[in-house]
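**Student:** My file is model_5.pdb. It has PDB, C-alpha atoms (C1' of nucleotides):
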```pdb
ATOM      1  CA  MET L   1    -166.627 -38.413  73.663
ATOM      2  CA  GLY L   2    -164.832 -39.698  76.745
ATOM      3  CA  LEU L   3    -161.959 -40.818  74.535
ATOM      4  CA  THR L   4    -158.531 -39.356  75.262
ATOM      5  CA  LYS L   5    -156.630 -38.321  72.122
ATOM      6  CA  THR L   6    -153.378 -40.009  73.064
ATOM      7  CA  GLU L   7    -151.980 -39.651  69.560
ATOM      8  CA  ASN L   8    -151.586 -35.915  70.119
ATOM      9  CA  PHE L   9    -149.103 -36.365  72.933
ATOM     10  CA  THR L  10    -145.613 -37.721  73.451
ATOM     11  CA  LYS L  11    -144.915 -41.201  74.752
ATOM     12  CA  GLU L  12    -143.525 -39.662  77.931
ATOM     13  CA  GLN L  13    -146.666 -37.603  78.496
ATOM     14  CA  ASN L  14    -148.926 -40.574  77.921
ATOM     15  CA  GLU L  15    -146.916 -42.835  80.235
ATOM     16  CA  LEU L  16    -146.846 -40.340  83.045
ATOM     17  CA  ALA L  17    -150.566 -39.723  82.637
ATOM     18  CA  SER L  18    -151.304 -43.466  82.680
ATOM     19  CA  LEU L  19    -149.365 -43.927  85.895
ATOM     20  CA  ALA L  20    -151.074 -40.933  87.501
ATOM     21  CA  LYS L  21    -154.439 -42.208  86.382
ATOM     22  CA  ALA L  22    -153.732 -45.581  87.981
ATOM     23  CA  LEU L  23    -153.027 -43.772  91.254
ATOM     24  CA  GLY L  24    -156.106 -41.597  90.812
ATOM     25  CA  HIS L  25    -158.539 -43.571  92.943
ATOM     26  CA  PRO L  26    -158.541 -43.784  96.752
ATOM     27  CA  ALA L  27    -159.103 -47.554  96.708
ATOM     28  CA  ARG L  28    -155.988 -48.020  94.628
ATOM     29  CA  ILE L  29    -154.035 -45.729  96.945
ATOM     30  CA  ALA L  30    -155.278 -47.820  99.866
ATOM     31  CA  ILE L  31    -154.247 -51.045  98.141
ATOM     32  CA  ILE L  32    -150.763 -49.683  97.449
ATOM     33  CA  GLN L  33    -150.372 -48.395 100.998
ATOM     34  CA  GLN L  34    -151.243 -51.782 102.424
ATOM     35  CA  LEU L  35    -148.939 -53.638 100.044
ATOM     36  CA  LEU L  36    -146.124 -51.266 100.965
ATOM     37  CA  ARG L  37    -146.794 -51.781 104.656
ATOM     38  CA  VAL L  38    -147.150 -55.558 104.595
ATOM     39  CA  ASN L  39    -144.746 -56.301 101.723
ATOM     40  CA  SER L  40    -147.124 -58.934 100.374
ATOM     41  CA  CYS L  41    -150.788 -59.573 100.626
ATOM     42  CA  ILE L  42    -153.356 -62.180  99.765
ATOM     43  CA  CYS L  43    -156.170 -60.704  97.712
ATOM     44  CA  GLY L  44    -158.729 -61.779 100.341
ATOM     45  CA  ASP L  45    -156.943 -59.724 102.993
ATOM     46  CA  LEU L  46    -157.349 -56.623 100.833
ATOM     47  CA  VAL L  47    -161.039 -57.436 100.448
ATOM     48  CA  ASP L  48    -161.295 -57.628 104.251
ATOM     49  CA  GLU L  49    -159.422 -54.349 104.755
ATOM     50  CA  ILE L  50    -161.081 -52.213 102.101
ATOM     51  CA  PRO L  51    -164.843 -51.737 102.279
ATOM     52  CA  LEU L  52    -165.678 -52.540  98.674
ATOM     53  CA  ALA L  53    -167.049 -55.702  97.099
ATOM     54  CA  GLN L  54    -164.647 -58.446  96.067
ATOM     55  CA  ALA L  55    -165.399 -57.890  92.391
ATOM     56  CA  THR L  56    -164.567 -54.211  92.737
ATOM     57  CA  ILE L  57    -161.253 -54.844  94.496
ATOM     58  CA  SER L  58    -160.366 -57.319  91.775
ATOM     59  CA  ARG L  59    -160.991 -54.652  89.144
ATOM     60  CA  HIS L  60    -158.731 -52.155  90.911
ATOM     61  CA  LEU L  61    -156.015 -54.784  91.244
ATOM     62  CA  LYS L  62    -156.268 -55.426  87.526
ATOM     63  CA  GLU L  63    -155.687 -51.768  86.753
ATOM     64  CA  LEU L  64    -152.650 -51.554  88.984
ATOM     65  CA  LYS L  65    -151.315 -54.727  87.383
ATOM     66  CA  ALA L  66    -151.924 -53.292  83.901
ATOM     67  CA  VAL L  67    -149.472 -50.431  84.499
ATOM     68  CA  GLY L  68    -146.984 -52.801  86.157
ATOM     69  CA  ILE L  69    -147.046 -51.367  89.660
ATOM     70  CA  ILE L  70    -148.111 -54.641  91.258
ATOM     71  CA  GLN L  71    -147.768 -58.304  90.385
ATOM     72  CA  GLY L  72    -149.769 -61.298  91.510
ATOM     73  CA  THR L  73    -148.530 -64.790  92.289
ATOM     74  CA  ILE L  74    -150.900 -67.736  92.432
ATOM     75  CA  GLN L  75    -150.614 -69.699  95.676
ATOM     76  CA  GLY L  76    -153.072 -72.548  95.666
ATOM     77  CA  THR L  77    -156.520 -71.020  95.508
ATOM     78  CA  SER L  78    -155.228 -67.634  96.633
ATOM     79  CA  VAL L  79    -153.306 -64.917  94.832
ATOM     80  CA  CYS L  80    -150.504 -63.063  96.600
ATOM     81  CA  TYR L  81    -149.974 -59.467  95.475
ATOM     82  CA  CYS L  82    -146.811 -57.402  95.762
ATOM     83  CA  ILE L  83    -145.496 -54.035  94.690
ATOM     84  CA  ASP L  84    -142.888 -54.399  91.944
ATOM     85  CA  PRO L  85    -139.998 -52.538  93.593
ATOM     86  CA  LEU L  86    -138.183 -51.719  90.350
ATOM     87  CA  LYS L  87    -141.314 -50.348  88.726
ATOM     88  CA  TRP L  88    -142.143 -48.411  91.857
ATOM     89  CA  LYS L  89    -138.734 -46.702  91.765
ATOM     90  CA  GLU L  90    -139.264 -45.975  88.090
ATOM     91  CA  VAL L  91    -142.607 -44.370  88.860
ATOM     92  CA  GLN L  92    -140.974 -42.247  91.545
ATOM     93  CA  THR L  93    -138.224 -41.180  89.157
ATOM     94  CA  LYS L  94    -140.705 -40.218  86.451
ATOM     95  CA  PHE L  95    -142.867 -38.168  88.779
ATOM     96  CA  ASN L  96    -139.870 -36.443  90.327
ATOM     97  CA  GLY L  97    -138.647 -35.572  86.854
ATOM     98  CA  LEU L  98    -141.834 -33.566  86.491
ATOM     99  CA  PHE L  99    -141.772 -32.151  89.999
ATOM    100  CA  ASP L 100    -138.149 -31.024  89.722
ATOM    101  CA  ALA L 101    -138.831 -29.153  86.492
ATOM    102  CA  LEU L 102    -139.958 -26.290  88.728
ATOM    103  CA  VAL L 103    -136.948 -24.039  88.384
ATOM    104  CA  SER L 104    -137.266 -22.457  91.795
ATOM    105  CA  ASP L 105    -139.923 -20.820  93.873
ATOM    106  CA  GLN L 106    -139.803 -17.831  91.564
ATOM    107  CA  ASP L 107    -143.001 -15.894  91.305
ATOM    108  CA  CYS L 108    -145.365 -16.098  88.402
ATOM    109  CA  ALA L 109    -144.238 -13.839  85.551
ATOM    110  CA  CYS L 110    -147.749 -12.385  85.226
TER     111      CYS L 110
ATOM    112  CA  MET U   1    -172.145 -46.632  88.983
ATOM    113  CA  GLY U   2    -169.168 -44.445  88.087
ATOM    114  CA  LEU U   3    -169.330 -42.896  91.539
ATOM    115  CA  THR U   4    -166.271 -43.241  93.763
ATOM    116  CA  LYS U   5    -167.122 -44.111  97.369
ATOM    117  CA  THR U   6    -164.887 -41.468  98.922
ATOM    118  CA  GLU U   7    -166.475 -41.864 102.336
ATOM    119  CA  ASN U   8    -164.780 -45.245 102.708
ATOM    120  CA  PHE U   9    -161.317 -43.757 102.581
ATOM    121  CA  THR U  10    -159.142 -41.438 104.635
ATOM    122  CA  LYS U  11    -158.728 -37.764 103.856
ATOM    123  CA  GLU U  12    -155.115 -38.426 102.943
ATOM    124  CA  GLN U  13    -156.056 -41.189 100.523
ATOM    125  CA  ASN U  14    -158.710 -39.057  98.868
ATOM    126  CA  GLU U  15    -156.412 -36.059  98.538
ATOM    127  CA  LEU U  16    -153.585 -38.046  97.011
ATOM    128  CA  ALA U  17    -156.025 -39.717  94.636
ATOM    129  CA  SER U  18    -157.481 -36.343  93.605
ATOM    130  CA  LEU U  19    -154.050 -34.966  92.816
ATOM    131  CA  ALA U  20    -153.087 -38.078  90.885
ATOM    132  CA  LYS U  21    -156.358 -37.937  88.988
ATOM    133  CA  ALA U  22    -155.671 -34.322  88.023
ATOM    134  CA  LEU U  23    -152.321 -35.446  86.563
ATOM    135  CA  GLY U  24    -153.954 -38.424  84.887
ATOM    136  CA  HIS U  25    -154.436 -36.965  81.437
ATOM    137  CA  PRO U  26    -151.693 -36.284  78.860
ATOM    138  CA  ALA U  27    -153.118 -32.868  77.976
ATOM    139  CA  ARG U  28    -152.856 -31.808  81.620
ATOM    140  CA  ILE U  29    -149.305 -33.152  81.790
ATOM    141  CA  ALA U  30    -148.505 -31.145  78.655
ATOM    142  CA  ILE U  31    -150.035 -28.008  80.164
ATOM    143  CA  ILE U  32    -148.016 -28.420  83.342
ATOM    144  CA  GLN U  33    -144.803 -29.078  81.440
ATOM    145  CA  GLN U  34    -145.228 -25.922  79.420
ATOM    146  CA  LEU U  35    -146.084 -23.821  82.463
ATOM    147  CA  LEU U  36    -143.002 -25.168  84.213
ATOM    148  CA  ARG U  37    -140.848 -24.398  81.182
ATOM    149  CA  VAL U  38    -142.176 -20.938  80.479
ATOM    150  CA  ASN U  39    -143.015 -19.891  84.057
ATOM    151  CA  SER U  40    -146.205 -18.219  82.856
ATOM    152  CA  CYS U  41    -148.435 -18.620  79.910
ATOM    153  CA  ILE U  42    -151.391 -16.976  78.261
ATOM    154  CA  CYS U  43    -154.240 -19.394  77.761
ATOM    155  CA  GLY U  44    -154.186 -18.796  74.020
ATOM    156  CA  ASP U  45    -150.556 -19.923  73.820
ATOM    157  CA  LEU U  46    -151.559 -23.242  75.373
ATOM    158  CA  VAL U  47    -154.343 -23.566  72.821
ATOM    159  CA  ASP U  48    -151.758 -22.990  70.072
ATOM    160  CA  GLU U  49    -149.304 -25.509  71.525
ATOM    161  CA  ILE U  50    -151.687 -28.330  72.349
ATOM    162  CA  PRO U  51    -153.752 -29.813  69.525
ATOM    163  CA  LEU U  52    -157.136 -29.728  71.228
ATOM    164  CA  ALA U  53    -160.013 -27.315  70.860
ATOM    165  CA  GLN U  54    -160.062 -24.154  72.943
ATOM    166  CA  ALA U  55    -163.070 -25.347  74.916
ATOM    167  CA  THR U  56    -161.272 -28.576  75.787
ATOM    168  CA  ILE U  57    -158.102 -26.828  76.962
ATOM    169  CA  SER U  58    -160.243 -24.554  79.087
ATOM    170  CA  ARG U  59    -161.828 -27.572  80.765
ATOM    171  CA  HIS U  60    -158.448 -29.104  81.544
ATOM    172  CA  LEU U  61    -157.241 -25.798  82.971
ATOM    173  CA  LYS U  62    -160.310 -25.728  85.176
ATOM    174  CA  GLU U  63    -159.515 -29.148  86.593
ATOM    175  CA  LEU U  64    -155.926 -28.221  87.362
ATOM    176  CA  LYS U  65    -157.156 -25.034  88.998
ATOM    177  CA  ALA U  66    -159.687 -27.005  91.059
ATOM    178  CA  VAL U  67    -156.937 -28.960  92.823
ATOM    179  CA  GLY U  68    -154.850 -25.804  93.241
ATOM    180  CA  ILE U  69    -151.911 -26.740  91.031
ATOM    181  CA  ILE U  70    -152.316 -23.721  88.769
ATOM    182  CA  GLN U  71    -153.760 -20.258  89.116
ATOM    183  CA  GLY U  72    -154.991 -17.821  86.510
ATOM    184  CA  THR U  73    -154.656 -14.048  86.427
ATOM    185  CA  ILE U  74    -156.829 -11.911  84.215
ATOM    186  CA  GLN U  75    -154.823  -9.559  82.001
ATOM    187  CA  GLY U  76    -157.101  -7.531  79.827
ATOM    188  CA  THR U  77    -158.932  -9.982  77.597
ATOM    189  CA  SER U  78    -156.363 -12.692  78.250
ATOM    190  CA  VAL U  79    -155.741 -14.958  81.220
ATOM    191  CA  CYS U  80    -152.210 -15.720  82.342
ATOM    192  CA  TYR U  81    -151.704 -19.123  83.961
ATOM    193  CA  CYS U  82    -148.960 -20.171  86.366
ATOM    194  CA  ILE U  83    -148.000 -23.151  88.486
ATOM    195  CA  ASP U  84    -148.506 -22.425  92.181
ATOM    196  CA  PRO U  85    -144.990 -23.172  93.446
ATOM    197  CA  LEU U  86    -146.023 -23.857  97.045
ATOM    198  CA  LYS U  87    -148.773 -26.231  96.001
ATOM    199  CA  TRP U  88    -146.451 -27.921  93.568
ATOM    200  CA  LYS U  89    -143.925 -28.610  96.339
ATOM    201  CA  GLU U  90    -146.747 -29.901  98.499
ATOM    202  CA  VAL U  91    -147.817 -32.273  95.735
ATOM    203  CA  GLN U  92    -144.252 -33.508  95.419
ATOM    204  CA  THR U  93    -144.003 -34.057  99.169
ATOM    205  CA  LYS U  94    -147.255 -36.003  99.259
ATOM    206  CA  PHE U  95    -146.302 -38.256  96.392
ATOM    207  CA  ASN U  96    -142.853 -38.872  97.797
ATOM    208  CA  GLY U  97    -144.412 -39.827 101.103
ATOM    209  CA  LEU U  98    -146.087 -42.654  99.253
ATOM    210  CA  PHE U  99    -143.055 -43.535  97.150
ATOM    211  CA  ASP U 100    -140.726 -43.635 100.147
ATOM    212  CA  ALA U 101    -143.002 -46.032 102.017
ATOM    213  CA  LEU U 102    -141.257 -48.763 100.056
ATOM    214  CA  VAL U 103    -139.011 -50.115 102.792
ATOM    215  CA  SER U 104    -136.244 -51.235 100.496
ATOM    216  CA  ASP U 105    -135.898 -53.260  97.360
ATOM    217  CA  GLN U 106    -136.678 -56.381  99.324
ATOM    218  CA  ASP U 107    -138.291 -59.170  97.381
ATOM    219  CA  CYS U 108    -141.939 -60.009  97.558
ATOM    220  CA  ALA U 109    -142.719 -62.203 100.568
ATOM    221  CA  CYS U 110    -144.687 -64.619  98.397
TER     222      CYS U 110
ATOM    223  C1'  DT I   1    -165.588 -87.677  93.304
ATOM    224  C1'  DC I   2    -167.878 -83.894  95.601
ATOM    225  C1'  DC I   3    -167.739 -79.762  98.022
ATOM    226  C1'  DA I   4    -165.689 -75.529  99.869
ATOM    227  C1'  DT I   5    -162.651 -71.664  99.083
ATOM    228  C1'  DT I   6    -160.728 -68.111  96.423
ATOM    229  C1'  DT I   7    -160.383 -64.921  92.732
ATOM    230  C1'  DA I   8    -161.388 -63.446  87.945
ATOM    231  C1'  DT I   9    -164.771 -62.260  84.768
ATOM    232  C1'  DC I  10    -169.387 -61.081  82.946
ATOM    233  C1'  DG I  11    -173.337 -58.195  82.624
ATOM    234  C1'  DC I  12    -175.650 -54.426  84.044
ATOM    235  C1'  DA I  13    -176.704 -49.697  85.813
ATOM    236  C1'  DA I  14    -175.315 -45.249  87.119
ATOM    237  C1'  DT I  15    -172.179 -41.625  86.942
ATOM    238  C1'  DA I  16    -167.890 -39.344  85.132
ATOM    239  C1'  DT I  17    -164.862 -37.877  81.592
ATOM    240  C1'  DT I  18    -163.479 -36.200  77.188
ATOM    241  C1'  DA I  19    -164.151 -33.489  73.205
ATOM    242  C1'  DC I  20    -166.062 -29.971  70.400
ATOM    243  C1'  DG I  21    -169.147 -26.474  68.231
ATOM    244  C1'  DA I  22    -171.749 -22.649  69.547
ATOM    245  C1'  DT I  23    -172.613 -19.122  72.550
ATOM    246  C1'  DT I  24    -171.741 -15.786  76.130
ATOM    247  C1'  DA I  25    -169.214 -12.331  78.784
ATOM    248  C1'  DA I  26    -165.612  -9.198  79.276
ATOM    249  C1'  DT I  27    -162.330  -6.147  77.759
ATOM    250  C1'  DA I  28    -159.622  -3.616  74.172
ATOM    251  C1'  DA I  29    -159.269  -1.111  69.957
ATOM    252  C1'  DG I  30    -160.983   1.841  66.497
TER     253       DG I  30
ATOM    254  C1'  DC B   1    -170.729   2.926  70.079
ATOM    255  C1'  DT B   2    -169.272  -0.793  67.311
ATOM    256  C1'  DT B   3    -166.326  -4.426  66.424
ATOM    257  C1'  DA B   4    -162.664  -7.745  67.361
ATOM    258  C1'  DT B   5    -160.308 -10.707  70.586
ATOM    259  C1'  DT B   6    -160.026 -13.815  74.299
ATOM    260  C1'  DA B   7    -161.528 -17.295  77.377
ATOM    261  C1'  DA B   8    -165.342 -19.485  80.050
ATOM    262  C1'  DT B   9    -169.502 -21.907  79.814
ATOM    263  C1'  DC B  10    -173.385 -24.501  77.762
ATOM    264  C1'  DG B  11    -175.250 -28.339  75.359
ATOM    265  C1'  DT B  12    -174.575 -32.546  73.300
ATOM    266  C1'  DA B  13    -172.557 -37.003  72.007
ATOM    267  C1'  DA B  14    -169.554 -40.721  72.733
ATOM    268  C1'  DT B  15    -166.744 -43.356  75.623
ATOM    269  C1'  DA B  16    -164.782 -44.601  80.280
ATOM    270  C1'  DT B  17    -165.095 -45.625  85.038
ATOM    271  C1'  DT B  18    -167.016 -47.402  89.198
ATOM    272  C1'  DG B  19    -169.522 -50.724  91.739
ATOM    273  C1'  DC B  20    -171.858 -54.940  92.596
ATOM    274  C1'  DG B  21    -174.366 -59.375  92.138
ATOM    275  C1'  DA B  22    -173.928 -63.516  89.795
ATOM    276  C1'  DT B  23    -171.250 -66.761  87.695
ATOM    277  C1'  DA B  24    -167.185 -69.245  86.228
ATOM    278  C1'  DA B  25    -162.652 -71.328  86.821
ATOM    279  C1'  DA B  26    -159.146 -73.290  89.516
ATOM    280  C1'  DT B  27    -157.378 -75.544  93.374
ATOM    281  C1'  DG B  28    -157.438 -78.056  97.863
ATOM    282  C1'  DG B  29    -159.485 -81.095 101.092
ATOM    283  C1'  DA B  30    -162.813 -84.632 102.781
TER     284       DA B  30
END
```
I need this file expressed as structure tokens, please.
**Tutor:**
Amino acid sequence: MGLTKTENFTKEQNELASLAKALGHPARIAIIQQLLRVNSCICGDLVDEIPLAQATISRHLKELKAVGIIQGTIQGTSVCYCIDPLKWKEVQTKFNGLFDALVSDQDCAC
Amino acid sequence: MGLTKTENFTKEQNELASLAKALGHPARIAIIQQLLRVNSCICGDLVDEIPLAQATISRHLKELKAVGIIQGTIQGTSVCYCIDPLKWKEVQTKFNGLFDALVSDQDCAC
DNA sequence: TCCATTTATCGCAATATTACGATTAATAAG
DNA sequence: CTTATTAATCGTAATATTGCGATAAATGGA
């Protein structure tokens, strides 16, 4: 079916999964890494850096924008992309909430 | 094409993306949350808790096992699943490496 | 105005993912 | 040995994702 049954899960579970899914492609990781390094970036620079077609980069940017991790500002004919720092901290907090649920390094009870 | 061009990216980028992808489904988040809560879990208990067919749960378990986040131990006719605590810490470290690359809450340079 | 630049979107093709019923394999119980 | 239980796998169908060429839309400059 290819269709995730989101209605079976909590809002928290769906949000965390959406964020993880957005990070679940190496091109999107590469985009985020460069935006973090440079603090802002013209779309064309990303196209130069990442060996994928312009249309493909644009699609990945759209997905990152859809979950709110990045935002784009129009500057003439270009678009300048940035990480949204507040959202980024929120993402970190949500993931660490899951990570920290590991009580300790206790062994498996099996 | 549906085929990710992994060869264009670094090992680090591909690994992080693989882990994120594994977390990118609410059923897999739900499985992880329960394993973290209970410390160990028979497969059948997961099937009872999560409203998806047994075959579907089994597929999700297989994906989590493929990236090393969980491990299964055969116990008679059952299989007991656990989070791998070392791997889990490693996942946390890798994600936080990305999260912490945000220099500060400086504004976008656009 | 006309043309160049830049980025988003469209349309298509190929592959991946999700889901489930049915079946299989393995062990336990009687 | 036969039967029940449990979980993995197979087969299938539907939808999603990835990638790219082509095109469109918007702006800036000559």
**Student:** Within 9 Å of chain B, which residues of chain U show up when using all atoms listed in the file, listed as a PyMOL selection string?
**Tutor:** chain U and resi 1-5+43-44+54-55+58-59+76-79
**Student:** Provide the C1' of DA29 in chain I to CA of Ile42 in chain U distance in Å, to one decimal place.
**Tutor:** 19.6 Å
**Student:** The PyMOL selection byres ((chain I) within 12 of (chain L)) - which residues does that actually catch in the file I just gave you? List them as a count of residues only.
**Tutor:** 12
**Student:** Tell me as a PyMOL selection string which residues belonging to chain L come within 6 Å of chain U, counting only C-alpha atoms.
**Tutor:** chain L and resi 13-14+17+20-21+23-26+36+40+82+85+102+105+108-109
**Student:** How far is it from CA of Val67 in chain L to CA of Lys87 in chain L, in Å with one decimal?
**Tutor:** 9.2 Å
**Student:** Write range 42-64 of chain U as a PDB file, in the frame of the given file, completed to N, CA, C and O atoms.
**Tutor:**
```pdb
ATOM      1  N   ILE U  42    -150.051 -17.404  78.637  1.00  0.00           N
ATOM      2  CA  ILE U  42    -151.391 -16.976  78.261  1.00  0.00           C
ATOM      3  C   ILE U  42    -152.161 -18.200  77.763  1.00  0.00           C
ATOM      4  O   ILE U  42    -151.607 -19.041  77.054  1.00  0.00           O
ATOM      5  N   CYS U  43    -153.385 -18.274  78.149  1.00  0.00           N
ATOM      6  CA  CYS U  43    -154.240 -19.394  77.761  1.00  0.00           C
ATOM      7  C   CYS U  43    -154.166 -19.670  76.267  1.00  0.00           C
ATOM      8  O   CYS U  43    -154.026 -20.818  75.838  1.00  0.00           O
ATOM      9  N   GLY U  44    -154.219 -18.645  75.470  1.00  0.00           N
ATOM     10  CA  GLY U  44    -154.186 -18.796  74.020  1.00  0.00           C
ATOM     11  C   GLY U  44    -152.928 -19.484  73.524  1.00  0.00           C
ATOM     12  O   GLY U  44    -152.958 -20.217  72.520  1.00  0.00           O
ATOM     13  N   ASP U  45    -151.796 -19.254  74.205  1.00  0.00           N
ATOM     14  CA  ASP U  45    -150.556 -19.923  73.820  1.00  0.00           C
ATOM     15  C   ASP U  45    -150.676 -21.428  74.031  1.00  0.00           C
ATOM     16  O   ASP U  45    -150.166 -22.225  73.235  1.00  0.00           O
ATOM     17  N   LEU U  46    -151.339 -21.815  75.118  1.00  0.00           N
ATOM     18  CA  LEU U  46    -151.559 -23.242  75.373  1.00  0.00           C
ATOM     19  C   LEU U  46    -152.443 -23.837  74.277  1.00  0.00           C
ATOM     20  O   LEU U  46    -152.196 -24.948  73.810  1.00  0.00           O
ATOM     21  N   VAL U  47    -153.448 -23.094  73.882  1.00  0.00           N
ATOM     22  CA  VAL U  47    -154.343 -23.566  72.821  1.00  0.00           C
ATOM     23  C   VAL U  47    -153.558 -23.748  71.516  1.00  0.00           C
ATOM     24  O   VAL U  47    -153.809 -24.675  70.742  1.00  0.00           O
ATOM     25  N   ASP U  48    -152.571 -22.854  71.271  1.00  0.00           N
ATOM     26  CA  ASP U  48    -151.758 -22.990  70.072  1.00  0.00           C
ATOM     27  C   ASP U  48    -150.826 -24.193  70.151  1.00  0.00           C
ATOM     28  O   ASP U  48    -150.582 -24.876  69.159  1.00  0.00           O
ATOM     29  N   GLU U  49    -150.293 -24.452  71.344  1.00  0.00           N
ATOM     30  CA  GLU U  49    -149.304 -25.509  71.525  1.00  0.00           C
ATOM     31  C   GLU U  49    -149.923 -26.905  71.533  1.00  0.00           C
ATOM     32  O   GLU U  49    -149.340 -27.855  71.024  1.00  0.00           O
ATOM     33  N   ILE U  50    -151.091 -27.007  72.134  1.00  0.00           N
ATOM     34  CA  ILE U  50    -151.687 -28.330  72.349  1.00  0.00           C
ATOM     35  C   ILE U  50    -152.826 -28.535  71.364  1.00  0.00           C
ATOM     36  O   ILE U  50    -153.736 -27.711  71.286  1.00  0.00           O
ATOM     37  N   PRO U  51    -152.783 -29.627  70.611  1.00  0.00           N
ATOM     38  CA  PRO U  51    -153.752 -29.813  69.525  1.00  0.00           C
ATOM     39  C   PRO U  51    -155.122 -30.299  70.019  1.00  0.00           C
ATOM     40  O   PRO U  51    -155.558 -31.394  69.719  1.00  0.00           O
ATOM     41  N   LEU U  52    -155.768 -29.456  70.769  1.00  0.00           N
ATOM     42  CA  LEU U  52    -157.136 -29.728  71.228  1.00  0.00           C
ATOM     43  C   LEU U  52    -157.902 -28.418  71.089  1.00  0.00           C
ATOM     44  O   LEU U  52    -157.298 -27.347  71.051  1.00  0.00           O
ATOM     45  N   ALA U  53    -159.201 -28.518  71.035  1.00  0.00           N
ATOM     46  CA  ALA U  53    -160.013 -27.315  70.860  1.00  0.00           C
ATOM     47  C   ALA U  53    -159.907 -26.408  72.075  1.00  0.00           C
ATOM     48  O   ALA U  53    -159.609 -26.858  73.185  1.00  0.00           O
ATOM     49  N   GLN U  54    -160.162 -25.140  71.868  1.00  0.00           N
ATOM     50  CA  GLN U  54    -160.062 -24.154  72.943  1.00  0.00           C
ATOM     51  C   GLN U  54    -160.951 -24.521  74.130  1.00  0.00           C
ATOM     52  O   GLN U  54    -160.545 -24.408  75.280  1.00  0.00           O
ATOM     53  N   ALA U  55    -162.145 -24.986  73.837  1.00  0.00           N
ATOM     54  CA  ALA U  55    -163.070 -25.347  74.916  1.00  0.00           C
ATOM     55  C   ALA U  55    -162.511 -26.494  75.753  1.00  0.00           C
ATOM     56  O   ALA U  55    -162.694 -26.531  76.980  1.00  0.00           O
ATOM     57  N   THR U  56    -161.822 -27.409  75.089  1.00  0.00           N
ATOM     58  CA  THR U  56    -161.272 -28.576  75.787  1.00  0.00           C
ATOM     59  C   THR U  56    -160.100 -28.169  76.680  1.00  0.00           C
ATOM     60  O   THR U  56    -160.000 -28.612  77.833  1.00  0.00           O
ATOM     61  N   ILE U  57    -159.225 -27.327  76.158  1.00  0.00           N
ATOM     62  CA  ILE U  57    -158.102 -26.828  76.962  1.00  0.00           C
ATOM     63  C   ILE U  57    -158.644 -26.098  78.196  1.00  0.00           C
ATOM     64  O   ILE U  57    -158.149 -26.282  79.318  1.00  0.00           O
ATOM     65  N   SER U  58    -159.674 -25.311  77.981  1.00  0.00           N
ATOM     66  CA  SER U  58    -160.243 -24.554  79.087  1.00  0.00           C
ATOM     67  C   SER U  58    -160.766 -25.477  80.191  1.00  0.00           C
ATOM     68  O   SER U  58    -160.624 -25.193  81.380  1.00  0.00           O
ATOM     69  N   ARG U  59    -161.364 -26.593  79.789  1.00  0.00           N
ATOM     70  CA  ARG U  59    -161.828 -27.572  80.765  1.00  0.00           C
ATOM     71  C   ARG U  59    -160.678 -28.181  81.555  1.00  0.00           C
ATOM     72  O   ARG U  59    -160.760 -28.365  82.761  1.00  0.00           O
ATOM     73  N   HIS U  60    -159.604 -28.513  80.864  1.00  0.00           N
ATOM     74  CA  HIS U  60    -158.448 -29.104  81.544  1.00  0.00           C
ATOM     75  C   HIS U  60    -157.836 -28.095  82.506  1.00  0.00           C
ATOM     76  O   HIS U  60    -157.430 -28.453  83.623  1.00  0.00           O
ATOM     77  N   LEU U  61    -157.764 -26.837  82.083  1.00  0.00           N
ATOM     78  CA  LEU U  61    -157.241 -25.798  82.971  1.00  0.00           C
ATOM     79  C   LEU U  61    -158.099 -25.691  84.225  1.00  0.00           C
ATOM     80  O   LEU U  61    -157.588 -25.521  85.332  1.00  0.00           O
ATOM     81  N   LYS U  62    -159.391 -25.821  84.039  1.00  0.00           N
ATOM     82  CA  LYS U  62    -160.310 -25.728  85.176  1.00  0.00           C
ATOM     83  C   LYS U  62    -160.065 -26.841  86.186  1.00  0.00           C
ATOM     84  O   LYS U  62    -160.108 -26.614  87.403  1.00  0.00           O
ATOM     85  N   GLU U  63    -159.775 -28.018  85.685  1.00  0.00           N
ATOM     86  CA  GLU U  63    -159.515 -29.148  86.593  1.00  0.00           C
ATOM     87  C   GLU U  63    -158.217 -28.964  87.364  1.00  0.00           C
ATOM     88  O   GLU U  63    -158.138 -29.284  88.551  1.00  0.00           O
ATOM     89  N   LEU U  64    -157.200 -28.453  86.669  1.00  0.00           N
ATOM     90  CA  LEU U  64    -155.926 -28.221  87.362  1.00  0.00           C
ATOM     91  C   LEU U  64    -156.075 -27.112  88.392  1.00  0.00           C
ATOM     92  O   LEU U  64    -155.463 -27.150  89.465  1.00  0.00           O
TER      93      LEU U  64
END
```
